[in-house]
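J.: I am attaching a structure below and will ask some questions about it afterwards.
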Amino acid sequence: MMGVRRFRKAFLCLAILCLPAWGPPLIAQVALTPAQVALLKRDLQRAEDQYVRQIARIAGVSESAARRALPAKGRITDPVSRVISALERDLGKPLSDEQRAALYSAEGDYETARRRAETSGSKSRRRSRSRATGGLRVESGSG
């Protein structure tokens, strides 16, 4: 019995020591205000619209065809491969290597824009929290 207790205690201590390294997912996040949510949605939509325009320009298809080629949200497969196969099916011919490379580049730009939008949303959340506390920075969570 003593060995099990010692193991539990050691595991708990290790988990507590590693908690800061695991970072934000384990710390409670402060909810965004409705205005911040609206800004985040707008920025994410702008990033997607730009991505769709790039796909349409690269493949020479309409924006609606490019939007149809996008995989469903949360799909696990490689999104660029899904876009390429959908476009090739719609066009009835394979895309050139240059077009494929441009689509991969556009996907990278899209992901960067999404991350930037999500990061700016978290920064505005911190700014509003700082204003609400009179300039004092307040960390969420306990520890």
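Ligands are numbered from 1 in the order shown, residues from 1 within each chain, and chains are lettered A, B, ... in the order they appear in the structure tokens.
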Need to verify the contact set: region 99-103 of chain A, 9 Å, only C-alpha atoms, exclusion of same-chain residues closer than 5 positions in sequence. Can you return it as an MDAnalysis selection string?

T.: chainID A and resid 54:55 58:59 80 83:84 108

J.: Env of Glu63 (chain A): 10 Å cut, atoms = only C-alpha atoms, seq-sep filter 2 positions within chain, self excluded. Answer as number ranges by chain.

T.: A: 49, 51-57, 60-61, 65-69

J.: Between A:Ser64, A:Arg42, A:Glu88, A:Ala47, which has the minimum distance to Thr112 (chain A) (counting only C-alpha atoms)?

T.: A:Ala47

J.: Env of Arg46 (chain A): 12 Å cut, atoms = only C-alpha atoms, seq-sep filter 6 positions within chain, self excluded. Answer as a PyMOL selection string.

T.: chain A and resi 39-40+52-53+110+113-114+116-117

J.: Please save N, CA and C atoms of the selected residues as a compact mmCIF listing (two decimals), in the first residue's frame.

T.:
```txt
# COMPACT_ATOMS: atom_id res chain seq x y z
N LEU A 39 -15.45 40.48 -34.11
CA LEU A 39 -14.20 40.81 -34.80
C LEU A 39 -13.45 39.56 -35.24
N LEU A 40 -13.41 38.56 -34.36
CA LEU A 40 -12.73 37.32 -34.69
C LEU A 40 -13.40 36.64 -35.88
N VAL A 52 -10.24 31.70 -50.86
CA VAL A 52 -11.11 31.28 -51.96
C VAL A 52 -10.76 32.05 -53.23
N ARG A 53 -10.50 33.36 -53.11
CA ARG A 53 -10.12 34.16 -54.29
C ARG A 53 -8.81 33.64 -54.88
N TYR A 110 -3.26 31.11 -45.85
CA TYR A 110 -4.56 31.05 -45.18
C TYR A 110 -4.39 30.65 -43.71
N ALA A 113 -2.96 33.55 -41.78
CA ALA A 113 -3.98 34.58 -41.54
C ALA A 113 -4.94 34.14 -40.44
N ARG A 114 -5.30 32.85 -40.43
CA ARG A 114 -6.20 32.34 -39.38
C ARG A 114 -5.53 32.45 -38.01
N ARG A 116 -3.14 34.46 -37.15
CA ARG A 116 -3.01 35.88 -36.82
C ARG A 116 -4.34 36.42 -36.27
N ALA A 117 -5.44 36.04 -36.89
CA ALA A 117 -6.76 36.49 -36.42
C ALA A 117 -7.04 35.95 -35.03
```

J.: Run DSSP on the backbone and grab whatever in region 20-126 of chain A lands in alpha helix (DSSP H); send it over as a PyMOL selection string.

T.: chain A and resi 20-22+34-59+63-69+79-91+97-126

J.: Take the residues from that selection and write them out as a compact mmCIF listing (two decimals), in the first residue's frame, keeping C-alpha atoms.

T.:
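Generated output (selection-v4.txt):
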```
# COMPACT_ATOMS: atom_id res chain seq x y z
CA PRO A 20 3.20 25.62 -16.39
CA ALA A 21 4.89 23.86 -19.32
CA TRP A 22 1.56 22.57 -20.59
CA PRO A 34 -19.60 39.73 -28.08
CA ALA A 35 -17.67 42.49 -29.86
CA GLN A 36 -14.46 40.45 -29.76
CA VAL A 37 -16.28 37.39 -31.10
CA ALA A 38 -17.68 39.49 -33.96
CA LEU A 39 -14.20 40.81 -34.80
CA LEU A 40 -12.73 37.32 -34.69
CA LYS A 41 -15.46 35.95 -36.97
CA ARG A 42 -14.95 38.86 -39.37
CA ASP A 43 -11.19 38.32 -39.52
CA LEU A 44 -11.59 34.56 -40.03
CA GLN A 45 -14.16 35.14 -42.77
CA ARG A 46 -11.86 37.63 -44.50
CA ALA A 47 -9.03 35.09 -44.40
CA GLU A 48 -11.28 32.41 -45.91
CA ASP A 49 -12.58 34.78 -48.60
CA GLN A 50 -9.01 35.70 -49.57
CA TYR A 51 -8.11 31.99 -49.73
CA VAL A 52 -11.11 31.28 -51.96
CA ARG A 53 -10.12 34.16 -54.29
CA GLN A 54 -6.59 32.74 -54.50
CA ILE A 55 -7.88 29.26 -55.32
CA ALA A 56 -10.17 30.67 -58.01
CA ARG A 57 -7.35 32.72 -59.56
CA ILE A 58 -4.84 29.86 -59.48
CA ALA A 59 -7.18 27.21 -60.90
CA GLU A 63 -15.21 31.68 -56.58
CA SER A 64 -18.29 29.52 -56.00
CA ALA A 65 -16.51 26.53 -57.56
CA ALA A 66 -13.47 27.24 -55.41
CA ARG A 67 -15.65 27.44 -52.28
CA ARG A 68 -17.31 24.12 -53.17
CA ALA A 69 -13.84 22.56 -53.43
CA PRO A 79 -7.24 20.19 -47.06
CA VAL A 80 -5.04 21.09 -50.05
CA SER A 81 -5.22 17.55 -51.42
CA ARG A 82 -9.00 17.69 -51.09
CA VAL A 83 -9.13 21.04 -52.90
CA ILE A 84 -6.86 19.79 -55.69
CA SER A 85 -8.87 16.61 -56.25
CA ALA A 86 -12.17 18.52 -56.22
CA LEU A 87 -10.86 21.10 -58.69
CA GLU A 88 -9.44 18.44 -61.00
CA ARG A 89 -12.76 16.62 -60.93
CA ASP A 90 -14.64 19.85 -61.76
CA LEU A 91 -12.19 20.88 -64.47
CA ASP A 97 2.70 21.32 -60.86
CA GLU A 98 2.88 25.13 -60.67
CA GLN A 99 -0.82 25.32 -59.83
CA ARG A 100 -0.43 22.65 -57.16
CA ALA A 101 2.54 24.47 -55.63
CA ALA A 102 0.59 27.75 -55.68
CA LEU A 103 -2.35 26.06 -53.93
CA TYR A 104 -0.07 24.75 -51.19
CA SER A 105 1.38 28.24 -50.81
CA ALA A 106 -2.12 29.74 -50.63
CA GLU A 107 -3.04 27.21 -47.93
CA GLY A 108 0.00 28.30 -45.92
CA ASP A 109 -1.02 31.94 -46.27
CA TYR A 110 -4.56 31.05 -45.18
CA GLU A 111 -3.36 29.20 -42.08
CA THR A 112 -1.08 32.12 -41.19
CA ALA A 113 -3.98 34.58 -41.54
CA ARG A 114 -6.20 32.34 -39.38
CA ARG A 115 -3.55 32.12 -36.65
CA ARG A 116 -3.01 35.88 -36.82
CA ALA A 117 -6.76 36.49 -36.42
CA GLU A 118 -7.00 34.08 -33.49
CA THR A 119 -3.91 35.62 -31.86
CA SER A 120 -5.23 39.15 -32.27
CA GLY A 121 -8.48 37.99 -30.65
CA SER A 122 -6.59 36.72 -27.60
CA LYS A 123 -4.54 39.94 -27.46
CA SER A 124 -7.69 42.07 -27.47
CA ARG A 125 -9.07 39.84 -24.71
CA ARG A 126 -5.96 40.55 -22.61
```
